[in-house]
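Just input-v6.cif here, mmCIF, C-alpha atoms:
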data_query
#
loop_
_atom_site.label_atom_id
_atom_site.label_comp_id
_atom_site.auth_asym_id
_atom_site.auth_seq_id
_atom_site.Cartn_x
_atom_site.Cartn_y
_atom_site.Cartn_z
CA MET V 1 0.00 0.00 0.00
CA PRO V 2 1.39 3.49 -0.85
CA GLU V 3 2.26 5.57 2.19
CA GLN V 4 0.14 8.67 2.77
CA LYS V 5 1.59 11.99 3.90
CA LYS V 6 0.58 12.05 7.58
CA PRO V 7 -3.14 11.29 7.23
CA LYS V 8 -5.22 13.60 9.37
CA ARG V 9 -7.34 10.72 10.57
CA LYS V 10 -6.23 7.11 10.41
CA PRO V 11 -8.56 4.38 9.16
CA GLY V 12 -10.94 3.30 11.91
CA VAL V 13 -10.65 6.60 13.77
CA CYS V 14 -12.92 9.66 13.97
CA VAL V 15 -11.47 11.45 17.01
CA PRO V 16 -8.01 10.12 17.94
CA TRP V 17 -7.43 9.19 21.57
CA GLU V 18 -4.47 11.58 21.72
CA GLU V 19 -6.82 14.44 20.86
CA LYS V 20 -9.42 13.36 23.41
CA LEU V 21 -6.80 12.86 26.12
CA LYS V 22 -5.88 16.55 25.95
CA GLU V 23 -9.45 17.47 26.91
CA LEU V 24 -9.51 15.29 30.01
CA PRO V 25 -8.27 16.04 33.50
CA LYS V 26 -5.41 13.88 34.75
CA ILE V 27 -6.68 10.32 34.77
CA SER V 28 -6.29 8.90 38.26
CA GLY V 29 -7.59 5.46 37.35
CA ASP V 30 -6.79 3.02 34.56
CA GLU V 31 -5.90 5.15 31.54
CA GLU V 32 -5.61 2.11 29.30
CA LEU V 33 -9.23 1.21 30.04
CA VAL V 34 -10.39 4.72 29.19
CA ARG V 35 -8.40 4.66 25.95
CA LYS V 36 -9.69 1.29 24.86
CA VAL V 37 -13.34 2.13 25.47
CA TRP V 38 -12.93 5.50 23.76
CA GLU V 39 -11.39 3.90 20.68
CA ASP V 40 -13.90 1.03 20.54
CA ILE V 41 -16.86 3.41 20.52
CA ASP V 42 -15.14 5.95 18.30
CA ALA V 43 -14.73 3.16 15.73
CA LEU V 44 -18.52 2.85 15.56
CA GLY V 45 -18.68 6.42 14.24
CA TYR V 46 -16.18 5.42 11.57
CA VAL V 47 -18.26 2.37 10.66
CA TYR V 48 -21.32 4.60 10.37
CA ILE V 49 -19.97 7.07 7.84
CA TRP V 50 -18.02 4.57 5.73
CA GLN V 51 -20.90 2.12 5.61
CA CYS V 52 -23.20 4.99 4.60
CA LEU V 53 -20.80 5.55 1.71
CA LEU V 54 -20.20 1.93 0.74
CA SER V 55 -23.33 -0.05 1.60
CA PHE V 56 -26.25 2.38 1.61
CA MET O 1 -29.39 -27.60 15.74
CA ALA O 2 -30.46 -30.89 14.19
CA LYS O 3 -27.43 -33.08 13.56
CA ASP O 4 -28.39 -33.80 9.95
CA MET O 5 -28.73 -30.07 9.24
CA GLU O 6 -25.30 -29.42 10.74
CA GLN O 7 -23.90 -32.22 8.61
CA LEU O 8 -25.53 -30.71 5.54
CA TYR O 9 -24.04 -27.32 6.42
CA ALA O 10 -20.58 -28.85 6.77
CA GLU O 11 -20.90 -30.59 3.40
CA ARG O 12 -22.04 -27.40 1.70
CA LEU O 13 -19.34 -25.27 3.29
CA LYS O 14 -16.69 -27.74 2.19
CA ARG O 15 -18.13 -27.86 -1.34
CA TYR O 16 -18.31 -24.07 -1.60
CA VAL O 17 -14.86 -23.39 -0.15
CA THR O 18 -13.21 -26.14 -2.21
CA ALA O 19 -14.58 -24.64 -5.42
CA MET O 20 -13.53 -21.13 -4.38
CA ARG O 21 -9.97 -22.38 -3.87
CA ASN O 22 -10.17 -23.46 -7.53
CA GLU O 23 -10.24 -27.12 -6.63
CA LYS O 24 -12.69 -29.92 -7.42
CA PRO O 25 -15.44 -30.53 -4.84
CA ASP O 26 -17.93 -33.43 -4.83
CA LYS O 27 -20.48 -31.39 -6.78
CA ILE O 28 -20.71 -27.96 -8.36
CA PRO O 29 -21.78 -25.56 -5.60
CA ILE O 30 -24.87 -23.44 -6.22
CA ARG O 31 -24.75 -19.91 -4.86
CA PRO O 32 -27.35 -17.67 -6.50
CA PHE O 33 -27.34 -14.01 -5.53
CA VAL O 34 -31.10 -13.71 -5.29
CA ALA O 35 -32.50 -10.29 -4.38
CA GLU O 36 -36.09 -9.31 -5.22
CA PHE O 37 -36.62 -12.83 -6.54
CA THR O 38 -36.94 -13.88 -2.91
CA ALA O 39 -39.91 -11.52 -2.50
CA LYS O 40 -41.64 -12.93 -5.55
CA TYR O 41 -41.11 -16.48 -4.35
CA ALA O 42 -42.12 -15.84 -0.74
CA GLY O 43 -45.17 -13.73 -1.61
CA TYR O 44 -43.91 -10.29 -0.63
CA THR O 45 -43.82 -7.04 -2.59
CA CYS O 46 -40.54 -5.32 -3.38
CA GLN O 47 -41.61 -2.63 -0.91
CA GLU O 48 -41.96 -5.20 1.87
CA VAL O 49 -38.51 -6.75 1.46
CA THR O 50 -36.80 -3.41 0.92
CA HIS O 51 -38.41 -1.52 3.77
CA ASP O 52 -38.83 -4.32 6.33
CA PHE O 53 -35.59 -6.27 6.56
CA GLU O 54 -37.17 -8.97 8.71
CA LYS O 55 -39.40 -9.84 5.74
CA ALA O 56 -36.35 -9.82 3.47
CA PHE O 57 -34.57 -12.17 5.88
CA ALA O 58 -37.62 -14.45 6.03
CA ALA O 59 -37.86 -14.51 2.22
CA ALA O 60 -34.15 -15.38 1.88
CA ARG O 61 -34.55 -18.21 4.41
CA LYS O 62 -37.64 -19.56 2.64
CA CYS O 63 -35.77 -19.72 -0.66
CA ALA O 64 -32.76 -21.31 1.02
CA ALA O 65 -35.01 -23.95 2.59
CA ASP O 66 -36.97 -24.72 -0.58
CA PHE O 67 -34.12 -24.71 -3.13
CA ASP O 68 -31.06 -26.94 -2.89
CA TRP O 69 -28.58 -24.08 -2.69
CA ASP O 70 -25.21 -24.32 -0.98
CA ALA O 71 -24.78 -20.65 -0.14
CA VAL O 72 -26.81 -17.44 -0.25
CA VAL O 73 -26.48 -13.88 0.98
CA GLY O 74 -28.55 -13.28 4.12
CA ASN O 75 -30.21 -10.32 2.43
CA MET O 76 -29.30 -9.50 -1.14
CA VAL O 77 -31.88 -6.67 -1.13
CA TYR O 78 -28.96 -4.96 0.50
CA VAL O 79 -30.29 -1.41 0.90
CA TRP O 80 -32.70 -1.33 3.84
CA THR O 81 -34.69 1.77 3.03
CA GLY O 82 -35.95 2.08 6.60
CA LEU O 83 -32.36 2.99 7.47
CA THR O 84 -31.85 5.33 4.54
CA GLN O 85 -35.05 7.16 5.45
CA ALA O 86 -33.87 7.52 9.05
CA ILE O 87 -30.67 9.12 7.75
CA GLY O 88 -32.56 11.23 5.22
CA THR O 89 -30.66 9.77 2.23
CA LYS O 90 -31.72 11.47 -1.00
CA TYR O 91 -30.35 9.16 -3.66
CA TYR O 92 -32.73 6.21 -3.52
CA ALA O 93 -36.10 5.80 -5.13
CA VAL O 94 -37.93 3.79 -2.47
CA PRO O 95 -40.51 1.17 -3.52
CA GLY O 96 -43.98 2.18 -2.41
CA ILE O 97 -42.97 5.85 -1.97
CA ASP O 98 -41.06 7.08 -5.02
CA ILE O 99 -41.81 4.13 -7.29
CA SER O 100 -44.28 1.27 -7.45
CA PRO O 101 -44.30 -1.14 -4.50
CA ASP O 102 -43.60 -3.86 -7.07
CA THR O 103 -40.39 -2.28 -8.38
CA GLY O 104 -36.98 -2.81 -6.81
CA PHE O 105 -35.23 0.20 -5.25
CA GLN O 106 -33.32 2.44 -7.62
CA TYR O 107 -30.16 4.51 -7.21
CA LEU O 108 -30.57 8.05 -8.49
CA GLU O 109 -27.30 9.60 -9.60
CA PRO O 110 -27.57 13.39 -9.45
CA PRO O 111 -26.94 15.50 -12.57
CA GLU O 112 -23.35 16.65 -13.02
CA GLU O 113 -23.95 20.14 -11.61
CA LYS O 114 -25.50 18.68 -8.44
CA ALA O 115 -22.79 16.11 -7.75
CA PHE O 116 -22.27 15.39 -4.05
CA MET O 117 -18.65 16.52 -4.38
CA LYS O 118 -17.58 19.58 -6.39
CA PRO O 119 -14.58 19.52 -8.73
CA ASP O 120 -12.63 21.97 -6.55
CA GLU O 121 -13.04 19.86 -3.41
CA TYR O 122 -10.51 17.13 -4.19
CA ASP O 123 -7.93 18.57 -1.80
CA GLN O 124 -10.38 18.42 1.10
CA LEU O 125 -11.14 14.78 0.33
CA ILE O 126 -7.46 13.92 -0.07
CA GLU O 127 -6.44 15.62 3.20
CA ASP O 128 -9.08 13.94 5.35
CA PRO O 129 -11.50 11.48 3.73
CA THR O 130 -13.41 10.70 6.93
CA GLY O 131 -13.80 14.37 7.82
CA PHE O 132 -14.91 15.16 4.28
CA LEU O 133 -17.58 12.48 4.40
CA PHE O 134 -18.99 13.73 7.71
CA ASN O 135 -18.68 17.46 7.08
CA VAL O 136 -19.32 17.86 3.35
CA TRP O 137 -20.74 14.69 1.79
CA LEU O 138 -23.28 13.64 4.42
CA PRO O 139 -25.06 17.02 4.60
CA ARG O 140 -25.42 16.91 0.82
CA ILE O 141 -26.80 13.41 0.54
CA SER O 142 -29.13 13.75 3.53
CA ALA O 143 -32.26 15.87 3.62
CA ASP O 144 -31.91 16.14 7.41
CA VAL O 145 -28.21 16.70 8.16
CA SER O 146 -27.17 20.35 8.46
CA ALA O 147 -24.11 21.60 6.58
CA MET O 148 -21.13 22.84 8.60
CA GLY O 149 -21.75 26.43 9.74
CA GLU O 150 -25.48 26.18 9.31
CA PRO O 151 -27.79 26.06 12.34
CA THR O 152 -28.35 22.57 13.60
CA SER O 153 -31.86 21.19 13.92
CA TYR O 154 -34.03 18.61 15.59
CA ARG O 155 -34.02 16.56 12.39
CA ASN O 156 -30.23 16.85 12.10
CA ASN O 157 -29.74 15.43 15.59
CA LEU O 158 -32.27 12.69 15.02
CA SER O 159 -30.63 11.64 11.75
CA PHE O 160 -27.44 10.63 13.56
CA LEU O 161 -29.21 9.05 16.51
CA LYS O 162 -31.75 7.05 14.53
CA GLY O 163 -29.34 6.29 11.70
CA GLY O 164 -26.66 4.99 14.04
CA MET O 165 -28.99 2.87 16.11
CA ALA O 166 -30.78 1.51 13.05
CA MET O 167 -27.51 0.57 11.35
CA LEU O 168 -26.30 -1.28 14.45
CA ASN O 169 -29.65 -3.04 14.70
CA TYR O 170 -29.48 -4.07 11.04
CA PHE O 171 -25.89 -5.32 11.09
CA ASN O 172 -26.40 -7.20 14.35
CA ALA O 173 -29.44 -8.92 12.85
CA PHE O 174 -27.23 -10.60 10.25
CA GLY O 175 -25.61 -12.72 12.95
CA LYS O 176 -28.95 -14.26 13.82
CA GLN O 177 -29.93 -14.51 10.15
CA ASN O 178 -26.77 -16.44 9.29
CA ALA O 179 -27.31 -18.75 12.26
CA LEU O 180 -30.90 -19.41 11.13
CA LEU O 181 -29.79 -20.13 7.57
CA ARG O 182 -27.40 -22.68 9.02
CA SER O 183 -29.84 -24.33 11.45
CA GLU O 184 -33.02 -24.23 9.31
CA SER O 185 -31.63 -25.25 5.93
CA GLY O 186 -27.91 -25.97 6.33
CA THR O 187 -27.12 -23.01 4.07
CA VAL O 188 -23.82 -21.12 4.13
CA SER O 189 -23.71 -17.33 4.26
CA ALA O 190 -21.97 -16.66 0.95
CA ILE O 191 -19.90 -13.53 1.58
CA SER O 192 -18.70 -11.38 4.45
CA GLY O 193 -17.62 -7.76 4.25
CA ILE O 194 -17.64 -5.21 1.47
CA LEU O 195 -15.11 -3.67 -0.87
CA LYS O 196 -15.43 -1.13 -3.62
CA ALA O 197 -12.65 0.30 -5.75
CA PRO O 198 -11.51 3.82 -4.88
CA PHE O 199 -12.26 4.89 -8.45
CA ASP O 200 -15.79 3.47 -8.35
CA ILE O 201 -16.56 5.18 -5.06
CA ILE O 202 -15.62 8.55 -6.53
CA ALA O 203 -17.80 7.83 -9.56
CA ASP O 204 -20.77 6.38 -7.68
CA LYS O 205 -21.14 8.56 -4.63
CA LEU O 206 -18.92 11.64 -4.91
CA ARG O 207 -18.32 13.17 -8.34
CA GLY O 208 -20.75 11.09 -10.37
CA TYR O 209 -19.70 9.14 -13.43
CA ILE O 210 -19.82 12.10 -15.83
CA GLY O 211 -18.07 14.41 -13.39
CA LEU O 212 -15.30 11.89 -12.80
CA THR O 213 -14.74 11.24 -16.49
CA MET O 214 -14.30 14.98 -17.02
CA ASP O 215 -11.89 15.08 -14.07
CA LEU O 216 -9.81 12.35 -15.71
CA PHE O 217 -8.87 14.91 -18.35
CA GLU O 218 -8.98 18.15 -16.38
CA ARG O 219 -7.38 17.08 -13.06
CA PRO O 220 -6.05 13.51 -13.36
CA ASP O 221 -3.44 14.04 -10.63
CA LYS O 222 -6.17 14.97 -8.16
CA VAL O 223 -8.18 11.88 -9.09
CA LEU O 224 -5.14 9.67 -8.52
CA ALA O 225 -4.35 11.34 -5.18
CA ALA O 226 -7.97 10.96 -4.08
CA CYS O 227 -7.99 7.28 -4.99
CA GLU O 228 -4.77 6.82 -3.02
CA ALA O 229 -6.25 8.63 -0.03
CA LEU O 230 -9.28 6.33 -0.07
CA MET O 231 -7.25 3.13 -0.33
CA PRO O 232 -6.36 2.57 3.35
CA HIS O 233 -9.93 3.30 4.40
CA LEU O 234 -11.48 0.91 1.90
CA LEU O 235 -8.98 -1.75 2.94
CA HIS O 236 -9.82 -1.17 6.60
CA VAL O 237 -13.57 -1.44 6.01
CA ALA O 238 -13.12 -4.59 3.91
CA LEU O 239 -11.00 -6.33 6.54
CA SER O 240 -13.20 -5.24 9.44
CA GLY O 241 -16.15 -7.09 7.91
CA ALA O 242 -14.24 -10.14 6.68
CA ASP O 243 -15.00 -13.70 7.75
CA PRO O 244 -12.85 -14.41 10.83
CA ASP O 245 -12.71 -18.08 9.81
CA LYS O 246 -11.38 -17.04 6.38
CA ASN O 247 -13.79 -19.32 4.56
CA VAL O 248 -16.04 -17.01 2.56
CA PRO O 249 -14.82 -14.07 0.48
CA ILE O 250 -15.22 -10.32 0.83
CA GLY O 251 -17.74 -9.09 -1.73
CA PHE O 252 -16.22 -6.63 -4.22
CA TRP O 253 -18.83 -4.87 -6.34
CA MET O 254 -17.34 -3.67 -9.64
CA HIS O 255 -19.18 -0.84 -11.33
CA ARG O 256 -17.86 1.59 -13.97
CA GLY O 257 -14.11 1.29 -13.90
CA CYS O 258 -13.70 -0.81 -17.03
CA VAL O 259 -13.36 -0.18 -20.75
CA PRO O 260 -15.43 1.35 -22.35
CA PHE O 261 -16.68 3.35 -19.34
CA ILE O 262 -13.09 4.62 -19.10
CA SER O 263 -10.13 4.23 -21.43
CA GLN O 264 -7.50 1.51 -21.14
CA LYS O 265 -5.00 4.25 -20.26
CA HIS O 266 -7.09 5.46 -17.32
CA PHE O 267 -7.67 1.91 -16.15
CA ASP O 268 -3.93 1.22 -16.24
CA LYS O 269 -2.90 4.49 -14.58
CA LEU O 270 -5.71 5.07 -12.09
CA TYR O 271 -8.15 2.24 -11.50
CA TRP O 272 -5.86 -0.76 -11.23
CA PRO O 273 -2.87 0.74 -9.38
CA THR O 274 -5.23 1.93 -6.63
CA LEU O 275 -7.08 -1.38 -6.40
CA LYS O 276 -4.45 -4.08 -6.87
CA PRO O 277 -2.54 -3.31 -3.62
CA ILE O 278 -5.79 -3.59 -1.66
CA ILE O 279 -6.51 -7.04 -3.08
CA GLU O 280 -2.93 -8.14 -2.44
CA GLU O 281 -3.07 -6.90 1.15
CA ILE O 282 -6.39 -8.67 1.77
CA TRP O 283 -4.99 -11.91 0.34
CA ALA O 284 -1.84 -11.54 2.43
CA LYS O 285 -4.14 -11.60 5.46
CA GLY O 286 -5.75 -14.81 4.22
CA HIS O 287 -9.04 -13.57 2.76
CA GLN O 288 -10.31 -14.11 -0.76
CA VAL O 289 -12.15 -11.36 -2.64
CA LEU O 290 -15.18 -12.06 -4.81
CA PHE O 291 -14.80 -9.94 -7.96
CA TYR O 292 -18.46 -9.35 -8.85
CA ALA O 293 -17.67 -8.11 -12.35
CA GLU O 294 -20.90 -6.41 -13.33
CA GLY O 295 -21.04 -5.78 -17.07
CA ASN O 296 -18.08 -6.93 -19.12
CA TRP O 297 -14.54 -6.65 -17.77
CA ASN O 298 -12.85 -8.95 -20.27
CA ALA O 299 -10.61 -6.13 -21.51
CA HIS O 300 -8.79 -6.43 -18.18
CA LEU O 301 -8.44 -10.16 -17.67
CA ASN O 302 -4.71 -9.96 -18.38
CA VAL O 303 -4.09 -7.71 -15.40
CA PHE O 304 -6.45 -9.64 -13.12
CA ALA O 305 -4.30 -12.65 -13.96
CA GLU O 306 -1.37 -10.87 -12.27
CA LEU O 307 -2.99 -11.44 -8.86
CA PRO O 308 -1.77 -14.30 -6.69
CA GLU O 309 -3.30 -17.69 -7.44
CA LYS O 310 -6.60 -18.26 -5.57
CA ALA O 311 -6.65 -14.67 -4.29
CA ILE O 312 -10.00 -14.00 -5.92
CA VAL O 313 -13.22 -15.63 -7.08
CA TYR O 314 -14.26 -14.11 -10.39
CA HIS O 315 -17.96 -13.68 -11.10
CA VAL O 316 -19.00 -13.35 -14.75
CA ASP O 317 -21.93 -11.16 -15.73
CA MET O 318 -22.25 -10.16 -19.40
CA ALA O 319 -18.79 -11.22 -20.50
CA ASP O 320 -17.98 -14.38 -22.44
CA ILE O 321 -17.47 -16.89 -19.63
CA PHE O 322 -15.47 -19.24 -21.85
CA GLU O 323 -13.03 -16.44 -22.63
CA VAL O 324 -12.79 -15.71 -18.90
CA HIS O 325 -12.11 -19.36 -18.16
CA LYS O 326 -9.41 -19.52 -20.78
CA ALA O 327 -7.68 -16.39 -19.48
CA ILE O 328 -7.85 -16.84 -15.70
CA GLY O 329 -9.52 -20.18 -14.97
CA HIS O 330 -6.14 -21.77 -14.23
CA LYS O 331 -5.66 -19.37 -11.31
CA PHE O 332 -9.10 -18.50 -9.99
CA CYS O 333 -12.53 -19.98 -9.37
CA ILE O 334 -15.26 -18.63 -11.68
CA SER O 335 -18.96 -18.15 -10.95
CA GLY O 336 -22.06 -17.07 -12.83
CA GLY O 337 -22.60 -16.94 -16.56
CA ILE O 338 -26.29 -17.88 -16.76
CA PRO O 339 -27.86 -14.79 -18.40
CA ASN O 340 -30.60 -13.07 -16.44
CA PHE O 341 -32.62 -12.46 -19.59
CA LEU O 342 -32.74 -16.22 -20.07
CA LEU O 343 -33.96 -16.72 -16.51
CA SER O 344 -36.67 -14.12 -17.16
CA TYR O 345 -37.76 -14.79 -20.72
CA GLY O 346 -36.39 -18.22 -21.62
CA THR O 347 -37.88 -21.64 -21.09
CA ALA O 348 -36.73 -24.17 -18.51
CA ASP O 349 -35.27 -26.29 -21.32
CA GLU O 350 -33.25 -23.33 -22.58
CA VAL O 351 -31.96 -22.71 -19.04
CA ARG O 352 -30.90 -26.36 -18.70
CA GLU O 353 -29.18 -26.21 -22.08
CA CYS O 354 -27.28 -23.07 -21.07
CA CYS O 355 -26.25 -24.58 -17.73
CA LYS O 356 -24.95 -27.69 -19.53
CA LYS O 357 -22.92 -25.56 -21.94
CA VAL O 358 -21.38 -23.54 -19.09
CA ILE O 359 -20.65 -26.60 -16.95
CA ASP O 360 -19.10 -28.46 -19.90
CA GLY O 361 -17.05 -25.41 -20.85
CA VAL O 362 -15.69 -24.14 -17.56
CA ALA O 363 -16.42 -26.57 -14.73
CA ARG O 364 -14.79 -29.81 -15.80
CA ASP O 365 -11.87 -29.50 -13.38
CA GLY O 366 -13.75 -27.84 -10.53
CA GLY O 367 -13.32 -24.18 -9.67
CA TYR O 368 -16.80 -23.18 -10.77
CA ILE O 369 -19.87 -21.98 -8.83
CA MET O 370 -23.30 -21.97 -10.44
CA ASP O 371 -25.08 -18.61 -10.39
CA ALA O 372 -26.97 -16.24 -12.61
CA SER O 373 -24.98 -13.58 -14.41
CA ALA O 374 -26.27 -10.72 -12.28
CA ILE O 375 -28.25 -10.29 -9.08
CA VAL O 376 -31.60 -12.01 -9.56
CA GLN O 377 -34.58 -9.70 -9.32
CA ASP O 378 -38.30 -10.37 -9.45
CA ASP O 379 -38.42 -10.74 -13.23
CA ALA O 380 -36.84 -14.22 -13.07
CA LYS O 381 -39.28 -17.11 -13.48
CA VAL O 382 -39.48 -19.49 -10.54
CA GLU O 383 -39.46 -22.51 -12.86
CA ASN O 384 -36.26 -21.27 -14.49
CA ILE O 385 -34.47 -20.81 -11.17
CA LYS O 386 -35.63 -24.29 -10.26
CA ALA O 387 -34.35 -25.63 -13.61
CA MET O 388 -30.94 -24.01 -13.03
CA THR O 389 -30.79 -25.49 -9.53
CA ASP O 390 -32.05 -29.01 -10.28
CA PHE O 391 -30.06 -29.43 -13.48
CA THR O 392 -26.82 -28.36 -11.77
CA ARG O 393 -27.47 -30.73 -8.89
CA GLU O 394 -28.08 -33.66 -11.23
CA TYR O 395 -25.47 -32.94 -13.91
CA GLY O 396 -22.85 -31.16 -11.83
CA VAL O 397 -21.54 -34.20 -9.96
CA TYR O 398 -17.81 -34.90 -10.18
#
As structure tokens, how would this structure be written, given the file I've shared?
Amino acid sequence: MPEQKKPKRKPGVCVPWEEKLKELPKISGDEELVRKVWEDIDALGYVYIWQCLLSF
Amino acid sequence: MAKDMEQLYAERLKRYVTAMRNEKPDKIPIRPFVAEFTAKYAGYTCQEVTHDFEKAFAAARKCAADFDWDAVVGNMVYVWTGLTQAIGTKYYAVPGIDISPDTGFQYLEPPEEKAFMKPDEYDQLIEDPTGFLFNVWLPRISADVSAMGEPTSYRNNLSFLKGGMAMLNYFNAFGKQNALLRSESGTVSAISGILKAPFDIIADKLRGYIGLTMDLFERPDKVLAACEALMPHLLHVALSGADPDKNVPIGFWMHRGCVPFISQKHFDKLYWPTLKPIIEEIWAKGHQVLFYAEGNWNAHLNVFAELPEKAIVYHVDMADIFEVHKAIGHKFCISGGIPNFLLSYGTADEVRECCKKVIDGVARDGGYIMDASAIVQDDAKVENIKAMTDFTREYGVY
């Protein structure tokens, strides 16, 4: 696959975790858990728009 | 699940997968892509199976139970118009609303000047395809979604909420549908996941076919860059929906990227270089791709033959299937080749004769799957579909 010049948003991502993390206060608990859940649900937004384009 | 049904499922899966790997199974697998035909057979209108996916699922299961088919798609009436209405999608003519309840849904491509993407917007698409789809494309294709900078609205907010929940509901329902196909009739779910070529997506849903063909001459570098920007996303979507067991292929729907829709030069410079790496990457991860070659793609068989052996299953629509077999049959499984006009207007004897000719010509060494040329709609005669099925089952034994 040809390399892109720094894609603004990677495949599977709508709002990157790094961007969201900046909005949050210091995470006192399990940051990995917060990241994983954020990314899992964020991916649903990606599915929505790309499936609108491809399937519907 | 009844043990005999599970045994039947296992036999059919083995038969289907063996053929797709271009090998010789016990019998020729039968895998018709039946869409509105299921409504006709099960006693529904096109409106019912398009707008109520549970009826579409029921119709697909009834056909699977009554015909001796190895594999089907859980719902080949793939656009659920309940969902597209929730989103506010403008580009479908919905049976029972925009067209007769007895007519299949139609895609309405806008005129060139009303294309969903303007010619000067390539850079936005190239920089951020996902952002472009949300911020520019979606507000244009939806009657409810507000454009960026415009006031939001009740209907805008509802479009996302209802659209998102409805899509999840629909996709989740396929898990149960596939399980019911397996337990009720021992039928395999034929494909998993979706792929379209970057070029076709720009033609179908962004610039329109006419707009894109003008762009090929006026801004070819932008078209190429846009195709390249779409590639990783289309690969990601394809893999995310692929069969985790790596048995059934990803469906690849081929539209207007072939000669004479575009020139050989544009195919060679734009269409193929931005598709081939996707197919190779998918195959490297162990998944086959079903090339559903709508129309006639025989001008490009030589480049398809460059793909790794067994990487694809090649479905033949209007092309000469014997020519296809000669060019790529040594590397890939072939499906289809029974003309839809014959299934609609021919006699059962003519269908049997055609099936015999195709089987004799391309299926002698395995690597063939019986199917109509194109997706079967409600114009096909039931007795002709039965003739295709029964003849193949009787004659197509190795």
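Taking atom CA of O:Asn156 and atom CA of O:Gly211 as the two end points, the separation is 28.3 Å.
Between atom CA of O:Leu230 and atom CA of O:Cys258 the separation is 18.9 Å.
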Got a sec: who's within 7 Å of V:Phe56, counting all atoms listed in the file, leaving out chain neighbours fewer than 3 positions off, as a ChimeraX atom specification?
/V:51-53 /O:79,84
The PyMOL selection byres ((chain V and resi 35) around 12) applied to the shown file, residues as a PyMOL selection string:
chain V and resi 15-21+24+27+29-34+36-42
Considering only C-alpha atoms, extract the chain V residues located within 8 Å of chain O and return them as a tab-separated table (two decimals) with C-alpha atoms, in the frame of the given file.
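Writing the result to iface.tsv gives the following:
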chain	number	residue	atom	x	y	z
V	1	MET	CA	0.00	0.00	0.00
V	2	PRO	CA	1.39	3.49	-0.85
V	4	GLN	CA	0.14	8.67	2.77
V	7	PRO	CA	-3.14	11.29	7.23
V	8	LYS	CA	-5.22	13.60	9.37
V	9	ARG	CA	-7.34	10.72	10.57
V	11	PRO	CA	-8.56	4.38	9.16
V	12	GLY	CA	-10.94	3.30	11.91
V	14	CYS	CA	-12.92	9.66	13.97
V	46	TYR	CA	-16.18	5.42	11.57
V	47	VAL	CA	-18.26	2.37	10.66
V	48	TYR	CA	-21.32	4.60	10.37
V	49	ILE	CA	-19.97	7.07	7.84
V	50	TRP	CA	-18.02	4.57	5.73
V	53	LEU	CA	-20.80	5.55	1.71
V	54	LEU	CA	-20.20	1.93	0.74
V	55	SER	CA	-23.33	-0.05	1.60
V	56	PHE	CA	-26.25	2.38	1.61
Carefully work through the PyMOL selection byres ((chain O and resi 200) around 9) for this structure and note down the residues it includes, as a PyMOL selection string.
chain O and resi 196-199+201-205+209+254-257+271
Report as a PDB file with C-alpha atoms, keeping the file's coordinate frame the residues that result from applying the PyMOL selection byres ((chain O and resi 314) around 9) to the structure here.
ATOM      1  CA  VAL O 289     -12.150 -11.360  -2.640  1.00  0.00           C
ATOM      2  CA  LEU O 290     -15.180 -12.060  -4.810  1.00  0.00           C
ATOM      3  CA  PHE O 291     -14.800  -9.940  -7.960  1.00  0.00           C
ATOM      4  CA  TYR O 292     -18.460  -9.350  -8.850  1.00  0.00           C
ATOM      5  CA  ALA O 293     -17.670  -8.110 -12.350  1.00  0.00           C
ATOM      6  CA  ILE O 312     -10.000 -14.000  -5.920  1.00  0.00           C
ATOM      7  CA  VAL O 313     -13.220 -15.630  -7.080  1.00  0.00           C
ATOM      8  CA  HIS O 315     -17.960 -13.680 -11.100  1.00  0.00           C
ATOM      9  CA  VAL O 316     -19.000 -13.350 -14.750  1.00  0.00           C
ATOM     10  CA  VAL O 324     -12.790 -15.710 -18.900  1.00  0.00           C
ATOM     11  CA  ILE O 328      -7.850 -16.840 -15.700  1.00  0.00           C
ATOM     12  CA  GLY O 329      -9.520 -20.180 -14.970  1.00  0.00           C
ATOM     13  CA  PHE O 332      -9.100 -18.500  -9.990  1.00  0.00           C
ATOM     14  CA  CYS O 333     -12.530 -19.980  -9.370  1.00  0.00           C
ATOM     15  CA  ILE O 334     -15.260 -18.630 -11.680  1.00  0.00           C
ATOM     16  CA  SER O 335     -18.960 -18.150 -10.950  1.00  0.00           C
ATOM     17  CA  GLY O 336     -22.060 -17.070 -12.830  1.00  0.00           C
TER      18      GLY O 336
END
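Taking atom CA of O:Ser373 and atom CA of O:Met318 as endpoints, the distance between them is 6.6 Å.
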